[in-house]
Amino acid sequence: MRSWLREMYAASEGRAAPLYGLVTAVGVTTPLVIGVLTGHAAESVLVGLGVFYVASAGPTGPYGARARSMLTAVAVITVFTWFGGLFSGDPWLATAIIPVVAAIGAAIPWMGPTAALSTLIAAVRPPTSPVVFNGVLEMFGGLWITALMLAPWITHRLRPLRTSVAEAARAVADALDVLPDADFGEWDRRRRRAYDALRQARATYVLYRGGGREEQQRPQRLVEALDRTMDEAVALRSLLTALRRELPPQQWEQECRAVVTALADRLRGLADAIEGGGGTSPGHGPVALDRFVRVSDDVRREWLEGRSDVVGTALMLQVRRLIGRINATIDGAAQIVSRGLKVGFDTPLPERPAGGWARMKEAVGTRSPGFRHAARVGTAIAVAMALANGLRLPHGHWLPITVMFSLRDSYGDTVNRVVKRIGGATVGATAAALALAIAPGKTTLIILVFVGAALGFTLASVNHAYWMTFGTPLTMLLIDFTEPLGWKAAAWRIALTAAGGAIALAAARILWPAGTLNLLPAQLARLLHTHAEMARAVAALFDGDADAPVHRRLREASAAAVDVEESLTRLTQEPAPPEELVRRLREAITIARRLRDYLGTLAALAGEKPVDAGPIPAILERVADHLDAAADDLQAGGLDLDDLLRELDDHLAELSRQRRAELVAGVGDDAVTPLREALVEVAGARHALRALAEDADRLTEEGRALTA
């Protein structure tokens with residue numbers, strides 16, 4: 001128990017944001033100072049609340065995206081402050097309305113909890129408080145912090161994009177570092193991190209308005225080059241696994257590792273140049289590549305002369321080609337960076353906020369986990385408000401606020417959030433009360449608000465417990481700025497936080513389970529169907545269709561796997577997670593990932609010109625048919641590929657015989673002939689195809705077990 005608590009409070013969830021904390025602290029305290037000096041402290045609190053609401057929305061990404069989210073938050077707090085003022089003086093009407101607002105906010109991302117919080121705080125004000133004027137003051141606060149946050153827009157507008165692309169380049173480099181190693185676990189972890197970083201870079205670029213000019217599309221082309229590098233690295237690892245069975249000499253292994261390390265170092269150099277804005281010299285391929293090519297050619301000749309191993313030499317040639325392609329892709333990326341990174345202005349206006357009524361209607365119709373969570377939030381807040389009003393609790397608004405920000409969409413996340421809120425609130429409220437007891441007055445209040453905002457917003461992304469420790473005095477003092485805070489108020493704050501946490505835990509445990517098990521059959525069926533479509537696209541590539549949509553099918557298959565991973569995460573957060581089901585889901589996700597890797601490897605091996613691929617397209621089509629059949633009927637039989645795999649072995653043996661005859665006839669080792677190209681393609685594909693067949697059968701077996 002003690003180690004669990006220590007891990008919870010010490011765990012790092014992200015990076016600190018000191019500049020964000022400092023700007024927010026200045027934004028919150030400036031109106032308070034002006035209000036105290038001019039005798040309008042009550043009005044200044046409303047401006048400070050507007051700052052707090054907008055800053056709490058956590059705007060991130062490019063400045064255009066930040067402007068959209070912050071301006072949306074300003075509109076939300078203004079409208080819902082006016083709306084909440086209508087219920088001021090009528091707590092039971094507020095109890096009926098605010099839970100509905102909270103439920104809608106939980107279902108619509110751009111509203112979030114800000115709408116319910118603004119409504120609640122406005123509703124607990126005295127009935128004499130001017131509703132429209134209050135909303136205008138909070139709007140001014142929101143616009144003030146928006147202006148502060150967006151001040152660096154003109155000079156720093158490209159920084160988020162450069163940072164995102166540079167992080168993707170470094171993640172790909174990290175994956176290359178362990179590519180030659182036999183440790184699958186470390187490779188898999190870095191491979192996933194690289195693809196996640198690439199997805200983030202693509203998403204960041206979308207937030208900019210690139211236009212149609214060539215120089216404005218350079219970031220997109222750069223991300224595409226990094227994506228190709230990673231796809232080629234996945235194929236290279238599969239080939240290295242197959243080649244190791246031929247026992248290449250140690251010197252070749254060392255040179256292979258050296259050239260891959262040199263390629264990773266080039267990517268890191270590119271990442272540094274990207275963050276600097278580009279414009280640097282593109283450089284040239286590493287010297288290690290020339291040495292690797294020479295050693296590879298020497299080993300191939302030795303194998304052909306001493307062992308007549310045309311299959312092994314074909315695999316080595318394919319490895320050499322892939323490394324050359326990775327180097328050429330990095331060369332292209334370096335050329336892009338050398339011309340500088342430019343992009344269109346990231347305007348905040350054209351894009352609509354994410355989410356909306358259509359998404360909410362779909363969630364209601366399907367009773368999705370999101371809809372269940374929204375209903376859970378509304379019900380729990382209604383209970384909390386009814387208790388606060390019925391018992392006439394002092395500072396009773398802290399009870400529904402705690403529920404609002406503690407209740408997560410899974411039981412495990414709710415437990416973590418409640419524990420951190422209670423611990424942080426206890427420390428923060430006690431510290432604030434002690435400070436005011438030692439040095440009472442408005443000056444101390446403003447100092448505490450500044451410190452709480454600076455440290456709270458700086459450390460909020462590191463750990464929620466830190467936010468609660470410093471954010472608790474901030475929110476208490478800000479919302480109740482005109483009322484003195486004493487030990488009694490601090491005790492009520494701690495008690496109401498604990499009570500609100502208990503309500504949140506009860507709601508997460510009892511009310512409307514997420515329904516994850518009901519979603520699994522459809523998600524697994526989609527997982528199988530999308531991987532089947534990817535297999536068909538790769539088959540079309542081997543059949544000579546150069547425009548086969550392999551990459552699009554890969555994205556669809558990856559998205560289907562992400563849905564299953566989200567279900568797995570939800571299941572692990574249940575009070576009593578089904579261990580066997582969780583284990584099988586993890587296995588299915590791992591197998592599906594390998595399946596995509598093998599299909600990506602085969603796509604990378606397919607040459608630009610059609611060759612005699614033998615039964616490879618037929619094998620891929622049968623794998624696709626098997627996956628589709630299993631998706632439609634998870635009781636379908638196993639995958640039978642023995643005949644086609646034997647045909648593949650016979651085809652490879654015949655290509656090997658013909659290639660030996662070609663060499664005996666006097667064709668040079670390095671002469672590019674259709675026969676050599678066919679042998680290289682088929683030899684490289686054999687290992688991936690056999691592994692693909694095994695994993696396709698295992699994936700369908702796991703699917704049957706999961707839905708049994």
# chains A, B, ... in the order shown; residues from 1 in each chain; ligands from 1
>>> residues_around(residues="A:Tyr53", least_positions_apart="4", cutoff="8 Å", atoms="only C-alpha atoms", output="ChimeraX atom specification")
/A:49,57,73,77,114,118,142
>>> atom_distance(atom1="atom CA of A:Glu246", atom2="atom CA of A:Asp543")
28.7 Å
>>> closest_residue(among="A:Asn389, A:Thr329, A:Ser461, A:Asn416", to="A:Val223", atoms="only C-alpha atoms")
A:Thr329
>>> select_by_dssp(residues="stretch 184-293 of chain A", states="alpha helix (DSSP H)", output="PyMOL selection string")
chain A and resi 184-206+218-244+250-275+287-293
>>> residues_around(residues="stretch 257-265 of chain A", least_positions_apart="5", cutoff="9 Å", atoms="only C-alpha atoms", output="JSON list (two decimals) with N, CA and C atoms, in the first residue's frame")
[["chain", "number", "residue", "atom", "x", "y", "z"],
["A", 170, "ARG", "N", 13.93, 12.10, -33.77],
["A", 170, "ARG", "CA", 14.72, 11.48, -32.70],
["A", 170, "ARG", "C", 14.13, 10.12, -32.30],
["A", 172, "VAL", "N", 12.57, 8.02, -34.29],
["A", 172, "VAL", "CA", 12.98, 7.07, -35.33],
["A", 172, "VAL", "C", 14.45, 6.70, -35.14],
["A", 173, "ALA", "N", 15.28, 7.67, -34.80],
["A", 173, "ALA", "CA", 16.69, 7.38, -34.55],
["A", 173, "ALA", "C", 16.86, 6.42, -33.38],
["A", 174, "ASP", "N", 16.08, 6.61, -32.33],
["A", 174, "ASP", "CA", 16.15, 5.70, -31.17],
["A", 174, "ASP", "C", 15.76, 4.28, -31.58],
["A", 175, "ALA", "N", 14.78, 4.15, -32.47],
["A", 175, "ALA", "CA", 14.39, 2.82, -32.94],
["A", 175, "ALA", "C", 15.52, 2.18, -33.76],
["A", 176, "LEU", "N", 16.18, 2.98, -34.59],
["A", 176, "LEU", "CA", 17.29, 2.45, -35.38],
["A", 176, "LEU", "C", 18.42, 1.95, -34.48],
["A", 177, "ASP", "N", 18.63, 2.59, -33.35],
["A", 177, "ASP", "CA", 19.72, 2.19, -32.45],
["A", 177, "ASP", "C", 19.62, 0.73, -32.04],
["A", 178, "VAL", "N", 18.39, 0.24, -31.82],
["A", 178, "VAL", "CA", 18.22, -1.14, -31.34],
["A", 178, "VAL", "C", 17.77, -2.08, -32.44],
["A", 179, "LEU", "N", 17.72, -1.58, -33.69],
["A", 179, "LEU", "CA", 17.23, -2.42, -34.80],
["A", 179, "LEU", "C", 18.04, -3.70, -34.98],
["A", 180, "PRO", "N", 19.39, -3.65, -34.93],
["A", 180, "PRO", "CA", 20.12, -4.91, -35.13],
["A", 180, "PRO", "C", 20.10, -5.85, -33.93],
["A", 181, "ASP", "N", 19.59, -5.39, -32.76],
["A", 181, "ASP", "CA", 19.63, -6.22, -31.56],
["A", 181, "ASP", "C", 18.57, -7.31, -31.60],
["A", 252, "TRP", "N", 30.63, -8.86, -40.75],
["A", 252, "TRP", "CA", 29.46, -8.29, -41.43],
["A", 252, "TRP", "C", 28.46, -7.75, -40.41],
["A", 270, "LEU", "N", 19.64, 15.86, -38.06],
["A", 270, "LEU", "CA", 18.51, 16.50, -38.73],
["A", 270, "LEU", "C", 17.53, 17.08, -37.72],
["A", 285, "GLY", "N", 25.88, 10.82, -47.34],
["A", 285, "GLY", "CA", 25.72, 9.55, -46.68],
["A", 285, "GLY", "C", 26.93, 9.20, -45.83],
["A", 286, "PRO", "N", 26.76, 8.36, -44.82],
["A", 286, "PRO", "CA", 27.87, 8.05, -43.91],
["A", 286, "PRO", "C", 28.93, 7.20, -44.60],
["A", 287, "VAL", "N", 30.18, 7.40, -44.17],
["A", 287, "VAL", "CA", 31.29, 6.58, -44.68],
["A", 287, "VAL", "C", 31.04, 5.12, -44.36],
["A", 288, "ALA", "N", 30.38, 4.86, -43.24],
["A", 288, "ALA", "CA", 30.10, 3.48, -42.84],
["A", 288, "ALA", "C", 29.28, 2.75, -43.89],
["A", 289, "LEU", "N", 28.46, 3.47, -44.66],
["A", 289, "LEU", "CA", 27.64, 2.82, -45.69],
["A", 289, "LEU", "C", 28.52, 2.24, -46.79],
["A", 290, "ASP", "N", 29.52, 2.99, -47.23],
["A", 290, "ASP", "CA", 30.43, 2.48, -48.27],
["A", 290, "ASP", "C", 31.17, 1.24, -47.77],
["A", 291, "ARG", "N", 31.62, 1.29, -46.52],
["A", 291, "ARG", "CA", 32.33, 0.14, -45.97],
["A", 291, "ARG", "C", 31.40, -1.07, -45.85],
["A", 292, "PHE", "N", 30.16, -0.84, -45.45],
["A", 292, "PHE", "CA", 29.19, -1.94, -45.33],
["A", 292, "PHE", "C", 28.91, -2.57, -46.69],
["A", 323, "ILE", "N", 19.10, -0.86, -46.55],
["A", 323, "ILE", "CA", 19.92, 0.14, -45.86],
["A", 323, "ILE", "C", 20.22, 1.31, -46.79],
["A", 326, "ILE", "N", 17.12, 3.43, -46.93],
["A", 326, "ILE", "CA", 16.98, 4.27, -45.73],
["A", 326, "ILE", "C", 17.90, 5.47, -45.82],
["A", 327, "ASN", "N", 19.14, 5.23, -46.27],
["A", 327, "ASN", "CA", 20.08, 6.34, -46.40],
["A", 327, "ASN", "C", 19.58, 7.35, -47.44],
["A", 330, "ILE", "N", 16.84, 9.43, -45.95],
["A", 330, "ILE", "CA", 17.40, 10.45, -45.05],
["A", 330, "ILE", "C", 18.05, 11.57, -45.85]]
>>> closest_atom_pairs(of="stretch 536-576 of chain A", to="stretch 588-591 of chain A", cutoff="12 Å", atoms="only C-alpha atoms", output="JSON lines")
{"residue": "A:Ala557", "atom": "CA", "partner": "A:Ile589", "partner_atom": "CA", "distance": 11.3}
{"residue": "A:Ser558", "atom": "CA", "partner": "A:Ile589", "partner_atom": "CA", "distance": 10.2}
{"residue": "A:Ala559", "atom": "CA", "partner": "A:Ile589", "partner_atom": "CA", "distance": 11.9}
{"residue": "A:Ala560", "atom": "CA", "partner": "A:Ile589", "partner_atom": "CA", "distance": 10.1}
{"residue": "A:Ala561", "atom": "CA", "partner": "A:Ile589", "partner_atom": "CA", "distance": 6.6}
{"residue": "A:Val562", "atom": "CA", "partner": "A:Ile589", "partner_atom": "CA", "distance": 8.8}
{"residue": "A:Asp563", "atom": "CA", "partner": "A:Ile589", "partner_atom": "CA", "distance": 10.3}
{"residue": "A:Val564", "atom": "CA", "partner": "A:Ile589", "partner_atom": "CA", "distance": 7.4}
{"residue": "A:Glu565", "atom": "CA", "partner": "A:Ile589", "partner_atom": "CA", "distance": 7.1}
{"residue": "A:Glu566", "atom": "CA", "partner": "A:Ile589", "partner_atom": "CA", "distance": 10.8}
{"residue": "A:Ser567", "atom": "CA", "partner": "A:Ile589", "partner_atom": "CA", "distance": 11.0}
{"residue": "A:Leu568", "atom": "CA", "partner": "A:Ile589", "partner_atom": "CA", "distance": 9.3}
{"residue": "A:Thr569", "atom": "CA", "partner": "A:Ile589", "partner_atom": "CA", "distance": 11.9}
>>> atom_distance(atom1="atom CA of A:Thr426", atom2="atom CA of A:Phe52")
21.1 Å
>>> closest_residue(among="A:Gln251, A:Thr458, A:Gln200, A:Thr472", to="A:Gly424", atoms="only C-alpha atoms")
A:Thr472
>>> closest_residue(among="A:Leu571, A:Asp272, A:Arg553, A:Trp398", to="A:Ser410", atoms="only C-alpha atoms")
A:Leu571
